[in-house]
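Working notes for the structure below.
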Amino acid sequence: MKYPIITQCPVCYNSLYAVKLECGHCRTRIENTFELSTLAQLSPEQLQFAITFLVNRGNIKEVEKELGISYPTVRGKLNDIITALGYDTRKKSEVDEKKVISMLENGEITADEAVKMLKHE
């Protein structure tokens with residue numbers, strides 16, 4: 001019987017790593033310290049949500065329907081997964097409005113450039 005791999009120590013809750021791999025066919029064994037992929041470190045619930053999201057080709061409306069949850073809940077779950085994978089949930093194109101205004105006031109950019117920056121163009 002095969003069991004899903006656990007990624008967190010049930011005693012101290014730190015991350016686990018694999019130390020032995022075995023071929024199911026010829027029984028060759030390899031021992032070392034192997035890191036788990038970042039996807040393997042998602043909780044079972046997060047992994048199931050990610051699969052649902054992918055099967056629905058990223059269509060949030062379809063995910064809402066299939067799971068019976070709201071748009072903000074879908075977004076929240078996506079943000080949780082993004083964070084669990086070690087990424088920042090803020091958009092890379094987010095611009096600090098105060099910085100843009102300061103640059104405009106200091107003559108570093110034109111009004112047109114400021115508008116483009118604020119519209120994320």
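Here's how to read the names in the structure tokens: chain A, B, ... by the order shown, residue numbers from 1 in each chain, ligand numbers from 1 in the order shown.
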Using DSSP on the backbone coordinates, identify all residues within chain A classified as alpha helix (DSSP H); present the result as number ranges by chain. A: 44-55, 60-67, 71-84, 97-105, 111-118
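Backbone DSSP assigns strand (DSSP E or B) in chain A to Gln8, Ser15, Ala18, Val19, Lys20, Leu21, Glu22, Arg29, Ile30, Glu31, Asn32, Thr33 and Phe34 of chain A.
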Would you save the residues from that selection as a compact mmCIF listing (two decimals), in the first residue's frame, using all heavy atoms?
```txt
# COMPACT_ATOMS: atom_id res chain seq x y z
N GLN A 8 5.82 17.58 6.85
CA GLN A 8 6.02 18.28 8.10
C GLN A 8 6.11 17.27 9.24
O GLN A 8 5.32 16.33 9.31
CB GLN A 8 4.85 19.24 8.33
CG GLN A 8 5.06 20.23 9.45
CD GLN A 8 3.91 21.20 9.52
OE1 GLN A 8 2.76 20.81 9.45
NE2 GLN A 8 4.22 22.47 9.67
N SER A 15 10.07 21.13 8.65
CA SER A 15 10.02 20.46 7.36
C SER A 15 10.78 19.14 7.40
O SER A 15 11.82 19.02 8.04
CB SER A 15 10.64 21.34 6.28
OG SER A 15 9.87 22.50 6.10
N ALA A 18 13.39 13.68 2.39
CA ALA A 18 13.48 12.25 2.10
C ALA A 18 14.94 11.81 2.22
O ALA A 18 15.85 12.54 1.86
CB ALA A 18 12.96 11.97 0.69
N VAL A 19 15.15 10.59 2.73
CA VAL A 19 16.51 10.08 2.87
C VAL A 19 16.73 8.78 2.10
O VAL A 19 17.86 8.34 1.94
CB VAL A 19 16.91 9.86 4.35
CG1 VAL A 19 16.97 11.19 5.08
CG2 VAL A 19 15.96 8.91 5.04
N LYS A 20 15.66 8.17 1.59
CA LYS A 20 15.83 6.92 0.85
C LYS A 20 14.81 6.87 -0.29
O LYS A 20 13.64 7.18 -0.09
CB LYS A 20 15.63 5.72 1.75
CG LYS A 20 15.95 4.41 1.07
CD LYS A 20 15.70 3.13 1.86
CE LYS A 20 15.67 3.21 3.32
NZ LYS A 20 15.45 1.91 3.98
N LEU A 21 15.28 6.47 -1.46
CA LEU A 21 14.41 6.24 -2.60
C LEU A 21 14.58 4.79 -3.03
O LEU A 21 15.67 4.23 -2.94
CB LEU A 21 14.78 7.17 -3.77
CG LEU A 21 14.68 8.67 -3.50
CD1 LEU A 21 15.23 9.45 -4.70
CD2 LEU A 21 13.25 9.07 -3.23
N GLU A 22 13.49 4.17 -3.49
CA GLU A 22 13.56 2.78 -3.92
C GLU A 22 12.76 2.58 -5.18
O GLU A 22 11.65 3.07 -5.32
CB GLU A 22 13.00 1.87 -2.82
CG GLU A 22 13.09 0.40 -3.18
CD GLU A 22 12.62 -0.51 -2.06
OE1 GLU A 22 12.86 -0.18 -0.88
OE2 GLU A 22 11.99 -1.53 -2.37
N ARG A 29 17.94 0.75 -4.26
CA ARG A 29 17.75 1.77 -3.22
C ARG A 29 18.85 2.82 -3.30
O ARG A 29 20.01 2.48 -3.50
CB ARG A 29 17.77 1.13 -1.84
CG ARG A 29 16.58 0.27 -1.58
CD ARG A 29 16.60 -0.31 -0.21
NE ARG A 29 15.45 -1.21 -0.08
CZ ARG A 29 15.35 -2.10 0.87
NH1 ARG A 29 16.28 -2.23 1.78
NH2 ARG A 29 14.28 -2.87 0.93
N ILE A 30 18.46 4.05 -3.13
CA ILE A 30 19.41 5.16 -3.12
C ILE A 30 19.16 5.92 -1.83
O ILE A 30 18.03 6.32 -1.54
CB ILE A 30 19.19 6.09 -4.33
CG1 ILE A 30 19.30 5.31 -5.63
CG2 ILE A 30 20.18 7.26 -4.30
CD1 ILE A 30 18.83 6.07 -6.85
N GLU A 31 20.22 6.11 -1.06
CA GLU A 31 20.10 6.84 0.19
C GLU A 31 20.92 8.11 0.12
O GLU A 31 22.06 8.09 -0.33
CB GLU A 31 20.55 5.97 1.37
CG GLU A 31 19.62 4.80 1.62
CD GLU A 31 19.92 4.05 2.90
OE1 GLU A 31 20.41 4.69 3.85
OE2 GLU A 31 19.67 2.84 2.93
N ASN A 32 20.33 9.21 0.52
CA ASN A 32 20.96 10.52 0.55
C ASN A 32 19.95 11.47 1.18
O ASN A 32 18.91 11.03 1.66
CB ASN A 32 21.35 10.97 -0.85
CG ASN A 32 22.55 11.90 -0.83
OD1 ASN A 32 22.72 12.69 0.10
ND2 ASN A 32 23.40 11.80 -1.85
N THR A 33 20.22 12.74 1.13
CA THR A 33 19.25 13.73 1.59
C THR A 33 18.64 14.39 0.36
O THR A 33 19.34 15.03 -0.41
CB THR A 33 19.94 14.80 2.47
OG1 THR A 33 20.56 14.15 3.57
CG2 THR A 33 18.93 15.80 2.99
N PHE A 34 17.33 14.19 0.18
CA PHE A 34 16.63 14.71 -0.99
C PHE A 34 15.63 15.76 -0.54
O PHE A 34 14.86 15.53 0.39
CB PHE A 34 15.88 13.58 -1.71
CG PHE A 34 16.76 12.45 -2.14
CD1 PHE A 34 16.84 11.30 -1.38
CD2 PHE A 34 17.51 12.54 -3.30
CE1 PHE A 34 17.65 10.25 -1.76
CE2 PHE A 34 18.33 11.50 -3.70
CZ PHE A 34 18.40 10.35 -2.93
```
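Residues within 9 Å of Leu67 in chain A, counting only C-alpha atoms and excluding same-chain residues fewer than 5 positions away, are Phe49, Thr52 and Glu62 of chain A.
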Go ahead and save the residues from that selection, with N, CA and C atoms, as a PDB file, in the first residue's frame.
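For reference, selection-v2.pdb as written:
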```
ATOM      1  N   PHE A  49      -6.954  22.252  -4.151  1.00  0.00           N
ATOM      2  CA  PHE A  49      -7.450  23.506  -4.728  1.00  0.00           C
ATOM      3  C   PHE A  49      -6.647  23.857  -5.983  1.00  0.00           C
ATOM      4  N   THR A  52      -7.796  21.744  -8.825  1.00  0.00           N
ATOM      5  CA  THR A  52      -9.100  22.228  -9.298  1.00  0.00           C
ATOM      6  C   THR A  52      -8.922  23.483 -10.147  1.00  0.00           C
ATOM      7  N   GLU A  62     -15.436  29.288 -12.917  1.00  0.00           N
ATOM      8  CA  GLU A  62     -15.642  27.840 -12.905  1.00  0.00           C
ATOM      9  C   GLU A  62     -15.221  27.233 -11.560  1.00  0.00           C
TER      10      GLU A  62
END
```
For range 78-91 of chain A, find every residue with an atom within 9 Å (counting only C-alpha atoms), except residues of its own chain fewer than 5 positions away, and show them as a VMD selection string. chain A and resid 38 to 39 41 to 42 46 to 47 49 to 50 53 73
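Separating CA of Arg27 in chain A from CA of Ile6 in chain A is a distance of 21.9 Å.
CA of Leu16 in chain A to CA of Ser37 in chain A spans 11.5 Å [interatomic distance, one decimal].
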